[in-house]
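Here is the file data.json (JSON, C-alpha atoms).
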```json
[["chain", "number", "residue", "atom", "x", "y", "z"],
["V", 1, "MET", "CA", 79.17, -168.17, -0.73],
["V", 2, "ARG", "CA", 75.47, -167.53, -0.64],
["V", 3, "LEU", "CA", 73.00, -169.71, -2.39],
["V", 4, "ILE", "CA", 70.82, -167.58, -4.57],
["V", 5, "LYS", "CA", 67.49, -169.27, -5.01],
["V", 6, "SER", "CA", 65.28, -166.60, -6.41],
["V", 7, "CYS", "CA", 65.16, -163.53, -8.54],
["V", 8, "ALA", "CA", 64.33, -161.54, -5.42],
["V", 9, "GLU", "CA", 67.67, -162.50, -3.95],
["V", 10, "LEU", "CA", 69.37, -161.56, -7.18],
["V", 11, "ALA", "CA", 67.81, -158.15, -6.87],
["V", 12, "HIS", "CA", 69.37, -157.93, -3.44],
["V", 13, "VAL", "CA", 72.82, -158.16, -4.96],
["V", 14, "GLY", "CA", 71.89, -155.62, -7.60],
["V", 15, "PHE", "CA", 71.04, -157.89, -10.47],
["V", 16, "GLU", "CA", 67.77, -158.02, -12.30],
["V", 17, "ALA", "CA", 67.27, -161.40, -13.85],
["V", 18, "SER", "CA", 65.22, -160.60, -16.90],
["V", 19, "GLU", "CA", 65.91, -163.75, -18.80],
["V", 20, "CYS", "CA", 67.36, -166.11, -16.24],
["V", 21, "ASP", "CA", 65.41, -168.58, -14.23],
["V", 22, "PHE", "CA", 67.68, -168.92, -11.26],
["V", 23, "GLU", "CA", 65.16, -170.92, -9.32],
["V", 24, "LYS", "CA", 65.70, -173.58, -11.92],
["V", 25, "VAL", "CA", 69.39, -172.95, -12.31],
["V", 26, "GLY", "CA", 70.13, -172.80, -8.61],
["V", 27, "ALA", "CA", 73.23, -170.68, -8.99],
["V", 28, "SER", "CA", 75.34, -170.11, -5.94],
["V", 29, "ALA", "CA", 76.76, -166.66, -5.67],
["V", 30, "GLY", "CA", 78.36, -164.22, -3.31],
["V", 31, "PRO", "CA", 78.88, -160.51, -3.63],
["V", 32, "ASP", "CA", 82.38, -160.90, -5.05],
["V", 33, "SER", "CA", 82.56, -164.47, -6.09],
["V", 34, "ALA", "CA", 80.22, -167.15, -7.13],
["V", 35, "CYS", "CA", 80.02, -170.70, -8.14],
["V", 36, "TYR", "CA", 77.64, -172.84, -10.01],
["V", 37, "ALA", "CA", 76.90, -176.46, -9.48],
["V", 38, "GLU", "CA", 77.29, -179.25, -11.96],
["V", 39, "ARG", "CA", 73.66, -180.13, -11.60],
["V", 40, "ALA", "CA", 72.66, -176.54, -12.28],
["V", 41, "MET", "CA", 74.42, -176.58, -15.60],
["V", 42, "GLN", "CA", 72.82, -179.86, -16.48],
["V", 43, "LEU", "CA", 69.41, -178.47, -15.66],
["V", 44, "ALA", "CA", 69.85, -175.24, -17.49],
["V", 45, "GLY", "CA", 71.63, -176.46, -20.56],
["V", 46, "GLY", "CA", 72.94, -173.90, -22.99],
["V", 47, "SER", "CA", 70.65, -171.17, -21.79],
["V", 48, "PHE", "CA", 72.62, -170.94, -18.59],
["V", 49, "LEU", "CA", 75.49, -169.37, -20.45],
["V", 50, "THR", "CA", 73.31, -166.39, -21.17],
["V", 51, "CYS", "CA", 72.71, -166.07, -17.46],
["V", 52, "LEU", "CA", 76.37, -166.65, -16.76],
["V", 53, "ALA", "CA", 77.39, -163.82, -19.03],
["V", 54, "ALA", "CA", 74.99, -161.55, -17.22],
["V", 55, "LEU", "CA", 76.09, -162.29, -13.71],
["V", 56, "PRO", "CA", 77.61, -159.29, -11.97],
["V", 57, "PHE", "CA", 80.01, -161.42, -9.99],
["V", 58, "ALA", "CA", 82.74, -163.91, -10.65],
["V", 59, "VAL", "CA", 81.94, -167.48, -11.45],
["V", 60, "GLY", "CA", 84.16, -170.32, -10.45],
["V", 61, "ALA", "CA", 84.14, -173.92, -9.44],
["V", 62, "CYS", "CA", 81.91, -175.09, -6.62],
["V", 63, "SER", "CA", 82.98, -177.08, -3.67],
["V", 64, "PRO", "CA", 80.42, -179.23, -1.90],
["V", 65, "SER", "CA", 80.40, -176.81, 1.02],
["V", 66, "ASP", "CA", 79.34, -173.96, -1.22],
["V", 67, "ASP", "CA", 75.89, -175.33, -1.57],
["V", 68, "ALA", "CA", 75.50, -177.06, 1.73],
["V", 69, "GLY", "CA", 77.07, -174.62, 4.11],
["V", 70, "PRO", "CA", 75.78, -171.42, 5.62],
["V", 71, "ALA", "CA", 76.58, -168.02, 4.20],
["V", 72, "GLN", "CA", 80.12, -166.92, 4.71],
["V", 73, "GLY", "CA", 81.40, -163.42, 5.30],
["V", 74, "SER", "CA", 79.71, -160.44, 6.79],
["V", 75, "ALA", "CA", 76.01, -160.12, 6.25],
["V", 76, "GLY", "CA", 75.29, -157.70, 3.46],
["V", 77, "GLN", "CA", 78.93, -157.17, 2.71],
["V", 78, "GLY", "CA", 79.50, -155.61, -0.66],
["V", 79, "THR", "CA", 75.89, -154.85, -1.38],
["V", 80, "GLY", "CA", 75.52, -151.52, 0.35],
["V", 81, "ALA", "CA", 77.24, -148.22, 0.47],
["V", 82, "THR", "CA", 78.25, -148.73, 4.05],
["V", 83, "ALA", "CA", 79.50, -152.26, 3.71],
["V", 84, "GLY", "CA", 82.30, -153.17, 6.05],
["V", 85, "VAL", "CA", 85.79, -153.73, 4.78],
["V", 86, "GLY", "CA", 87.79, -156.80, 5.47],
["V", 87, "GLY", "CA", 85.36, -158.35, 7.87],
["V", 88, "ALA", "CA", 84.72, -157.25, 11.42],
["V", 89, "ALA", "CA", 85.70, -153.65, 11.60],
["V", 90, "GLY", "CA", 84.27, -152.96, 14.95],
["V", 91, "ALA", "CA", 86.87, -154.49, 17.21],
["V", 92, "ALA", "CA", 87.03, -152.73, 20.52],
["V", 93, "GLY", "CA", 89.54, -149.90, 20.61],
["V", 94, "ASN", "CA", 89.63, -149.37, 16.87],
["V", 95, "ALA", "CA", 89.42, -145.66, 16.27],
["V", 96, "ASN", "CA", 87.29, -144.29, 13.48],
["V", 97, "ALA", "CA", 87.93, -140.56, 13.27],
["V", 98, "ASP", "CA", 85.59, -139.83, 10.39],
["V", 99, "GLY", "CA", 82.91, -142.26, 11.48],
["V", 100, "ASP", "CA", 82.63, -144.02, 8.16],
["V", 101, "CYS", "CA", 82.66, -147.74, 7.39],
["V", 102, "MET", "CA", 86.40, -148.14, 7.98],
["V", 103, "THR", "CA", 88.50, -147.89, 11.09],
["V", 104, "ASP", "CA", 91.54, -145.66, 11.00],
["V", 105, "ALA", "CA", 93.71, -148.74, 10.68],
["V", 106, "GLU", "CA", 91.75, -149.94, 7.68],
["V", 107, "GLU", "CA", 91.94, -146.49, 6.13],
["V", 108, "SER", "CA", 95.68, -146.62, 6.55],
["V", 109, "GLN", "CA", 95.78, -149.94, 4.73],
["V", 110, "LYS", "CA", 93.65, -148.56, 1.93],
["V", 111, "GLY", "CA", 95.69, -145.38, 1.67],
["V", 112, "THR", "CA", 92.73, -143.17, 2.45],
["V", 113, "ASP", "CA", 92.45, -140.25, 4.86],
["V", 114, "PRO", "CA", 91.08, -141.44, 8.21],
["V", 115, "ASN", "CA", 89.82, -137.94, 8.88],
["V", 116, "SER", "CA", 87.73, -137.64, 5.73],
["V", 117, "VAL", "CA", 84.85, -139.69, 4.42],
["V", 118, "ASP", "CA", 86.05, -138.82, 0.91],
["V", 119, "GLY", "CA", 89.81, -139.13, 1.12],
["V", 120, "ASP", "CA", 90.53, -138.61, -2.58],
["V", 121, "GLY", "CA", 88.12, -135.70, -2.89],
["V", 122, "ASP", "CA", 86.34, -136.96, -5.96],
["V", 123, "GLY", "CA", 82.90, -136.37, -4.53],
["V", 124, "ILE", "CA", 82.20, -140.03, -3.82],
["V", 125, "SER", "CA", 82.68, -141.30, -0.29],
["V", 126, "ASP", "CA", 85.36, -143.86, 0.42],
["V", 127, "CYS", "CA", 82.74, -146.39, 1.42],
["V", 128, "ASP", "CA", 80.65, -145.87, -1.67],
["V", 129, "GLU", "CA", 83.75, -146.32, -3.80],
["V", 130, "ILE", "CA", 84.63, -149.55, -2.05],
["V", 131, "ALA", "CA", 81.10, -150.80, -2.50],
["V", 132, "CYS", "CA", 81.24, -150.13, -6.24],
["V", 133, "GLY", "CA", 84.73, -151.54, -6.71],
["V", 134, "SER", "CA", 86.46, -148.21, -7.21],
["V", 135, "ASN", "CA", 89.74, -147.19, -5.58],
["V", 136, "PRO", "CA", 88.91, -144.75, -2.76],
["V", 137, "ALA", "CA", 92.47, -143.41, -2.82],
["V", 138, "ASP", "CA", 92.43, -142.52, -6.52],
["V", 139, "GLY", "CA", 90.58, -139.33, -7.31],
["V", 140, "ALA", "CA", 90.57, -140.15, -11.00],
["V", 141, "GLU", "CA", 88.73, -143.43, -10.51],
["V", 142, "ARG", "CA", 85.04, -143.22, -9.82],
["V", 143, "CYS", "CA", 82.07, -145.51, -9.64],
["V", 144, "TYR", "CA", 80.58, -146.42, -12.95],
["V", 145, "LYS", "CA", 77.06, -145.08, -13.37],
["V", 146, "CYS", "CA", 75.94, -148.52, -14.46],
["V", 147, "GLY", "CA", 77.51, -150.10, -11.38],
["V", 148, "TRP", "CA", 80.34, -152.10, -12.95],
["V", 149, "ARG", "CA", 83.19, -152.94, -10.64],
["V", 150, "HIS", "CA", 86.69, -151.86, -11.57],
["V", 151, "GLY", "CA", 88.16, -155.27, -12.26],
["V", 152, "ASP", "CA", 91.37, -154.51, -14.15],
["V", 153, "PRO", "CA", 94.11, -156.14, -12.06],
["V", 154, "GLY", "CA", 96.70, -153.87, -13.65],
["V", 155, "ASN", "CA", 98.96, -156.65, -14.84],
["V", 156, "LEU", "CA", 97.27, -157.77, -18.05],
["V", 157, "ALA", "CA", 99.02, -157.63, -21.40],
["V", 158, "SER", "CA", 97.38, -158.42, -24.71],
["V", 159, "THR", "CA", 99.01, -161.30, -26.52],
["V", 160, "GLY", "CA", 97.12, -161.45, -29.79],
["V", 161, "PRO", "CA", 93.78, -161.94, -31.55],
["V", 162, "ALA", "CA", 93.52, -165.72, -31.44],
["V", 163, "VAL", "CA", 91.85, -168.14, -29.08],
["V", 164, "GLY", "CA", 94.25, -168.64, -26.19],
["V", 165, "ASP", "CA", 95.44, -165.05, -26.31],
["V", 166, "VAL", "CA", 94.73, -162.30, -23.81],
["V", 167, "ILE", "CA", 92.31, -160.06, -25.62],
["V", 168, "GLU", "CA", 93.07, -156.41, -26.32],
["V", 169, "ASP", "CA", 91.83, -153.86, -23.81],
["V", 170, "ILE", "CA", 89.14, -152.51, -26.09],
["V", 171, "GLY", "CA", 87.69, -149.13, -25.21],
["V", 172, "LEU", "CA", 83.96, -149.76, -25.14],
["V", 173, "ILE", "CA", 81.13, -147.36, -24.31],
["V", 174, "ASP", "CA", 78.39, -148.75, -22.11],
["V", 175, "GLN", "CA", 74.68, -148.08, -22.01],
["V", 176, "CYS", "CA", 75.24, -145.36, -19.42],
["V", 177, "GLY", "CA", 77.41, -143.50, -21.90],
["V", 178, "GLU", "CA", 80.67, -144.08, -20.08],
["V", 179, "THR", "CA", 83.91, -145.46, -21.45],
["V", 180, "LEU", "CA", 84.34, -148.99, -20.22],
["V", 181, "PRO", "CA", 87.73, -150.54, -20.99],
["V", 182, "LEU", "CA", 87.18, -154.24, -21.50],
["V", 183, "TRP", "CA", 89.78, -155.23, -18.93],
["V", 184, "GLN", "CA", 87.74, -153.54, -16.23],
["V", 185, "LEU", "CA", 85.46, -156.52, -16.62],
["V", 186, "ALA", "CA", 88.22, -158.98, -15.67],
["V", 187, "GLY", "CA", 87.78, -161.23, -12.69],
["V", 188, "GLN", "CA", 84.74, -163.00, -14.07],
["V", 189, "TYR", "CA", 83.93, -165.22, -16.98],
["V", 190, "ARG", "CA", 82.52, -163.12, -19.78],
["V", 191, "MET", "CA", 80.92, -163.88, -23.06],
["V", 192, "LEU", "CA", 81.23, -161.25, -25.74],
["V", 193, "PHE", "CA", 78.01, -161.24, -27.75],
["V", 194, "MET", "CA", 79.17, -159.35, -30.81],
["V", 195, "THR", "CA", 76.53, -158.09, -33.17],
["V", 196, "THR", "CA", 75.13, -155.00, -34.81],
["V", 197, "VAL", "CA", 72.26, -152.62, -34.26],
["V", 198, "TRP", "CA", 69.35, -153.47, -36.49],
["H", 1, "MET", "CA", 77.86, -158.81, -22.43],
["H", 2, "VAL", "CA", 76.83, -157.23, -25.68],
["H", 3, "VAL", "CA", 79.31, -155.55, -28.00],
["H", 4, "LEU", "CA", 77.75, -153.63, -30.89],
["H", 5, "THR", "CA", 80.04, -153.04, -33.83],
["H", 6, "GLU", "CA", 77.76, -151.25, -36.27],
["H", 7, "ASN", "CA", 74.85, -148.87, -36.09],
["H", 8, "ALA", "CA", 71.60, -149.42, -37.95],
["H", 9, "ASN", "CA", 73.11, -147.91, -41.10],
["H", 10, "GLY", "CA", 76.18, -150.09, -41.12],
["H", 11, "GLY", "CA", 78.42, -147.34, -39.80],
["H", 12, "HIS", "CA", 80.39, -147.06, -36.63],
["H", 13, "PRO", "CA", 78.11, -147.04, -33.57],
["H", 14, "THR", "CA", 77.94, -144.29, -31.00],
["H", 15, "GLY", "CA", 77.37, -144.34, -27.28],
["H", 16, "GLY", "CA", 73.69, -143.65, -27.76],
["H", 17, "ASP", "CA", 73.30, -146.87, -29.71],
["H", 18, "ALA", "CA", 74.19, -148.91, -26.63],
["H", 19, "GLN", "CA", 71.53, -147.29, -24.51],
["H", 20, "ALA", "CA", 68.92, -147.57, -27.26],
["H", 21, "TYR", "CA", 69.72, -151.23, -27.83],
["H", 22, "ALA", "CA", 69.55, -152.01, -24.12],
["H", 23, "ASP", "CA", 66.29, -150.11, -23.73],
["H", 24, "VAL", "CA", 64.56, -151.73, -26.68],
["H", 25, "LEU", "CA", 65.50, -155.24, -25.63],
["H", 26, "GLY", "CA", 65.09, -154.60, -21.91],
["H", 27, "LEU", "CA", 68.65, -155.66, -21.17],
["H", 28, "LYS", "CA", 69.66, -154.85, -17.61],
["H", 29, "GLY", "CA", 72.31, -155.93, -15.16],
["H", 30, "PHE", "CA", 75.13, -156.52, -17.60],
["H", 31, "PRO", "CA", 77.11, -154.37, -20.00],
["H", 32, "VAL", "CA", 75.62, -153.44, -23.33],
["H", 33, "THR", "CA", 78.39, -151.66, -25.13],
["H", 34, "VAL", "CA", 79.43, -150.19, -28.44],
["H", 35, "ASP", "CA", 82.82, -150.71, -30.00],
["H", 36, "VAL", "CA", 83.15, -147.42, -31.79],
["H", 37, "ASP", "CA", 86.43, -148.35, -33.42],
["H", 38, "GLN", "CA", 85.30, -151.88, -34.30],
["H", 39, "ARG", "CA", 88.32, -153.28, -32.54],
["H", 40, "VAL", "CA", 86.75, -156.68, -31.97],
["H", 41, "LEU", "CA", 87.12, -157.31, -35.69],
["H", 42, "VAL", "CA", 90.88, -157.27, -35.34],
["H", 43, "SER", "CA", 91.23, -158.29, -31.70],
["H", 44, "THR", "CA", 89.26, -161.52, -31.91],
["H", 45, "PRO", "CA", 88.86, -164.28, -34.50],
["H", 46, "TRP", "CA", 85.40, -162.95, -35.37],
["H", 47, "ASP", "CA", 85.33, -161.30, -38.80],
["H", 48, "GLY", "CA", 81.90, -159.72, -38.45],
["H", 49, "LEU", "CA", 80.41, -161.49, -41.47],
["H", 50, "ALA", "CA", 78.08, -163.79, -39.53],
["H", 51, "ARG", "CA", 76.22, -162.77, -36.39],
["H", 52, "PRO", "CA", 76.27, -163.04, -33.55],
["H", 53, "GLY", "CA", 79.94, -163.60, -32.97],
["H", 54, "LYS", "CA", 80.84, -164.85, -29.54],
["H", 55, "CYS", "CA", 84.03, -165.05, -27.55],
["H", 56, "VAL", "CA", 84.19, -166.55, -24.11],
["H", 57, "LEU", "CA", 86.72, -164.84, -21.86],
["H", 58, "SER", "CA", 88.30, -166.26, -18.75],
["H", 59, "PRO", "CA", 88.54, -164.09, -15.62],
["H", 60, "ASP", "CA", 92.04, -163.10, -16.76],
["H", 61, "MET", "CA", 90.76, -162.04, -20.18],
["H", 62, "VAL", "CA", 92.04, -165.02, -22.14],
["H", 63, "MET", "CA", 89.86, -165.95, -25.10],
["H", 64, "LEU", "CA", 88.80, -169.49, -24.27],
["H", 65, "ASP", "CA", 86.79, -169.97, -27.42],
["H", 66, "CYS", "CA", 85.21, -167.92, -30.18],
["H", 67, "TYR", "CA", 82.44, -169.00, -32.49],
["H", 68, "VAL", "CA", 79.39, -167.82, -34.39],
["H", 69, "GLY", "CA", 75.73, -168.53, -33.76],
["H", 70, "ASP", "CA", 73.09, -168.77, -31.09],
["H", 71, "ASP", "CA", 74.01, -172.17, -29.73],
["H", 72, "ASP", "CA", 76.07, -171.60, -26.59],
["H", 73, "THR", "CA", 76.86, -175.23, -25.92],
["H", 74, "ARG", "CA", 80.37, -174.69, -27.14],
["H", 75, "GLY", "CA", 81.03, -171.66, -24.98],
["H", 76, "PHE", "CA", 79.45, -173.42, -22.07],
["H", 77, "ALA", "CA", 81.85, -176.31, -22.51],
["H", 78, "ALA", "CA", 84.80, -173.94, -22.68],
["H", 79, "ILE", "CA", 83.89, -172.45, -19.33],
["H", 80, "ARG", "CA", 83.35, -175.84, -17.79],
["H", 81, "ALA", "CA", 86.71, -177.02, -19.02],
["H", 82, "HIS", "CA", 88.51, -173.93, -17.80],
["H", 83, "ALA", "CA", 86.79, -174.05, -14.43],
["H", 84, "GLY", "CA", 87.69, -177.71, -14.07],
["H", 85, "LEU", "CA", 84.10, -178.83, -13.84]]
```

Please go through the file and, once you have read it, give me the structure as structure tokens.
Amino acid sequence: MRLIKSCAELAHVGFEASECDFEKVGASAGPDSACYAERAMQLAGGSFLTCLAALPFAVGACSPSDDAGPAQGSAGQGTGATAGVGGAAGAAGNANADGDCMTDAEESQKGTDPNSVDGDGDGISDCDEIACGSNPADGAERCYKCGWRHGDPGNLASTGPAVGDVIEDIGLIDQCGETLPLWQLAGQYRMLFMTTVW
Amino acid sequence: MVVLTENANGGHPTGGDAQAYADVLGLKGFPVTVDVDQRVLVSTPWDGLARPGKCVLSPDMVMLDCYVGDDDTRGFAAIRAHAGL
């Protein structure tokens, strides 16, 4: 977990905080997961939910070490196109035939071609796909223009329209003009703000 | 995230409405979407009569709570309860 203290740091993880005062909120966040502290919620009150809905990463419970401890994980992991995969990828003796961000062994685990920087041939490099949450071994899955991560775990099933049900996988269209199935936004708390154009 | 269910004329929205809405309000960093088939009206408890409708979703897409209005205290509490905070 990294403690995000400022809007500048939010920008570092690709989020522009237009309406959130994170210096007040004191949200803790990492590139793929995040937490928020009890005191932060108390400080922010209801307005924090607006921020919460806007966060581009998952939100979960904090442990005391989340706020007090140093950053965990590789520096910059998940925020750049050449982010490492699965931690230290540079162990001595690990071959990397195509010279990208993954060793051959990691490419094997991911199902990508160790001899090609774009194993699925979709025009987006394996590393860029990993950075944007897309499957680098699936040529039909590409990075969203707006930067959303592909979060559908593949095992969801709608159970009905009531509170307590798994919601339907609604086919939405985002502000970049792309189809965005709702379940691709799984993995994080979300608030649907349902309204009309005026 | 924003889900638009109608265009300015009360009809079904199009993809361009999402971009226009986001641009006008300066919304960045989270999804602003259109529901061209108005599925939220049948997939959630919200009937579309009062706005905004809100549904809080857990990370596994379970509707934790749905309500109407600008006060997010209720949704906030639903997240806290689900997260065990």

For stretch 153-165 of chain V, list every protein, DNA or RNA residue within 12 Å, evaluated using all atoms listed in the file, and leave out those in the same chain fewer than 2 positions away; present the list as a ChimeraX atom specification. /V:133,135,149-151,167-170,182-188 /H:39-47,54-67,78,82

Which one is closest to H:Asp23: V:Cys176, V:Gly147, V:Phe193, V:Asp98? Count all atoms listed in the file.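 Residue with the minimum atom-to-atom distance to H:Asp23: V:Cys176.
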
Which residue gives the smallest distance to chain V among H:Asn9, H:Gln19, H:Asp70, H:Leu27, with all atoms listed in the file counted?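 Of H:Asn9, H:Gln19, H:Asp70, H:Leu27, the one nearest chain V, counting all atoms listed in the file, is H:Gln19.
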
Just to confirm, what's the straight-line distance from atom CA of V:Leu192 to atom CA of V:Asp128 in Å (one decimal)?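 Those two atoms sit 28.6 Å apart.
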
For chain V, which of H:Leu49, H:Val68, H:Ala83, H:Leu25 is the closest residue, counting all atoms listed in the file?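 Of H:Leu49, H:Val68, H:Ala83, H:Leu25, the one nearest chain V is H:Ala83, counting all atoms listed in the file.
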
Can you measure atom CA of H:Val32 to atom CA of H:Val3 for me? One decimal in Å is fine.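 Here the two named atoms are 6.3 Å from each other.
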
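Interatomic distance, atom CA of H:Thr33 against atom CA of H:Ala18: 5.2 Å.
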
Shell of 12 Å around H:Ala22, only C-alpha atoms, local chain residues under 4 positions omitted, as a ChimeraX atom specification: /V:174-177,197 /H:1-4,15-18,26-34

Output for the residues just chosen: C-alpha atoms as a PDB file, in the coordinates of the input:
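Dumped everything to out-v1.pdb:
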```pdb
ATOM      1  CA  ASP V 174      78.390-148.750 -22.110  1.00  0.00           C
ATOM      2  CA  GLN V 175      74.680-148.080 -22.010  1.00  0.00           C
ATOM      3  CA  CYS V 176      75.240-145.360 -19.420  1.00  0.00           C
ATOM      4  CA  GLY V 177      77.410-143.500 -21.900  1.00  0.00           C
ATOM      5  CA  VAL V 197      72.260-152.620 -34.260  1.00  0.00           C
TER       6      VAL V 197
ATOM      7  CA  MET H   1      77.860-158.810 -22.430  1.00  0.00           C
ATOM      8  CA  VAL H   2      76.830-157.230 -25.680  1.00  0.00           C
ATOM      9  CA  VAL H   3      79.310-155.550 -28.000  1.00  0.00           C
ATOM     10  CA  LEU H   4      77.750-153.630 -30.890  1.00  0.00           C
ATOM     11  CA  GLY H  15      77.370-144.340 -27.280  1.00  0.00           C
ATOM     12  CA  GLY H  16      73.690-143.650 -27.760  1.00  0.00           C
ATOM     13  CA  ASP H  17      73.300-146.870 -29.710  1.00  0.00           C
ATOM     14  CA  ALA H  18      74.190-148.910 -26.630  1.00  0.00           C
ATOM     15  CA  GLY H  26      65.090-154.600 -21.910  1.00  0.00           C
ATOM     16  CA  LEU H  27      68.650-155.660 -21.170  1.00  0.00           C
ATOM     17  CA  LYS H  28      69.660-154.850 -17.610  1.00  0.00           C
ATOM     18  CA  GLY H  29      72.310-155.930 -15.160  1.00  0.00           C
ATOM     19  CA  PHE H  30      75.130-156.520 -17.600  1.00  0.00           C
ATOM     20  CA  PRO H  31      77.110-154.370 -20.000  1.00  0.00           C
ATOM     21  CA  VAL H  32      75.620-153.440 -23.330  1.00  0.00           C
ATOM     22  CA  THR H  33      78.390-151.660 -25.130  1.00  0.00           C
ATOM     23  CA  VAL H  34      79.430-150.190 -28.440  1.00  0.00           C
TER      24      VAL H  34
END
```

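Between H:Gly75 and the candidates V:Tyr144, V:Lys110, V:Met194, V:Tyr189, the tightest atom-to-atom separation, counting all atoms listed in the file, involves V:Tyr189.
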
Considering all atoms listed in the file, state which residue in the set V:Asp152, V:Glu106, V:Asp100, V:Asp138 is at the smallest distance from V:Asp122.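 Comparing V:Asp152, V:Glu106, V:Asp100, V:Asp138 against V:Asp122, the winner is V:Asp138.
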
Residues within 10 Å of stretch 112-120 of chain V, all atoms listed in the file, excluding chain neighbours under 5 positions, as an mmCIF file with C-alpha atoms, keeping the file's coordinate frame:
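Below is the file that was written, part-v3.cif:
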```cif
data_model
loop_
_atom_site.group_PDB
_atom_site.id
_atom_site.type_symbol
_atom_site.label_atom_id
_atom_site.label_comp_id
_atom_site.auth_asym_id
_atom_site.auth_seq_id
_atom_site.Cartn_x
_atom_site.Cartn_y
_atom_site.Cartn_z
ATOM 1 C CA ALA V 95 89.420 -145.660 16.270
ATOM 2 C CA ASN V 96 87.290 -144.290 13.480
ATOM 3 C CA ALA V 97 87.930 -140.560 13.270
ATOM 4 C CA ASP V 98 85.590 -139.830 10.390
ATOM 5 C CA GLY V 99 82.910 -142.260 11.480
ATOM 6 C CA ASP V 100 82.630 -144.020 8.160
ATOM 7 C CA CYS V 101 82.660 -147.740 7.390
ATOM 8 C CA MET V 102 86.400 -148.140 7.980
ATOM 9 C CA THR V 103 88.500 -147.890 11.090
ATOM 10 C CA ASP V 104 91.540 -145.660 11.000
ATOM 11 C CA ALA V 105 93.710 -148.740 10.680
ATOM 12 C CA GLU V 106 91.750 -149.940 7.680
ATOM 13 C CA GLU V 107 91.940 -146.490 6.130
ATOM 14 C CA SER V 125 82.680 -141.300 -0.290
ATOM 15 C CA ASP V 126 85.360 -143.860 0.420
ATOM 16 C CA CYS V 127 82.740 -146.390 1.420
ATOM 17 C CA ASP V 128 80.650 -145.870 -1.670
ATOM 18 C CA GLU V 129 83.750 -146.320 -3.800
ATOM 19 C CA ASN V 135 89.740 -147.190 -5.580
ATOM 20 C CA PRO V 136 88.910 -144.750 -2.760
ATOM 21 C CA ALA V 137 92.470 -143.410 -2.820
ATOM 22 C CA ASP V 138 92.430 -142.520 -6.520
ATOM 23 C CA GLY V 139 90.580 -139.330 -7.310
ATOM 24 C CA ALA V 140 90.570 -140.150 -11.000
ATOM 25 C CA GLU V 141 88.730 -143.430 -10.510
#
```

Find the residues near H:Gly11: any atom within 12 Å, counting all atoms listed in the file, skip ones fewer than 2 places away on the same chain, and give them as a list in words.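 The residues that qualify are Thr196, Val197 and Trp198 of chain V; Leu4, Thr5, Glu6, Asn7, Ala8, Asn9, Pro13, Thr14, Asp17, Val34, Asp35, Val36, Asp37 and Gln38 of chain H.
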
Which residue out of H:Val24, H:Arg51, H:His12, H:Ala81 has the minimum interatomic distance to chain V when only C-alpha atoms are used?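 Under the stated criterion, the closest residue is H:Arg51.
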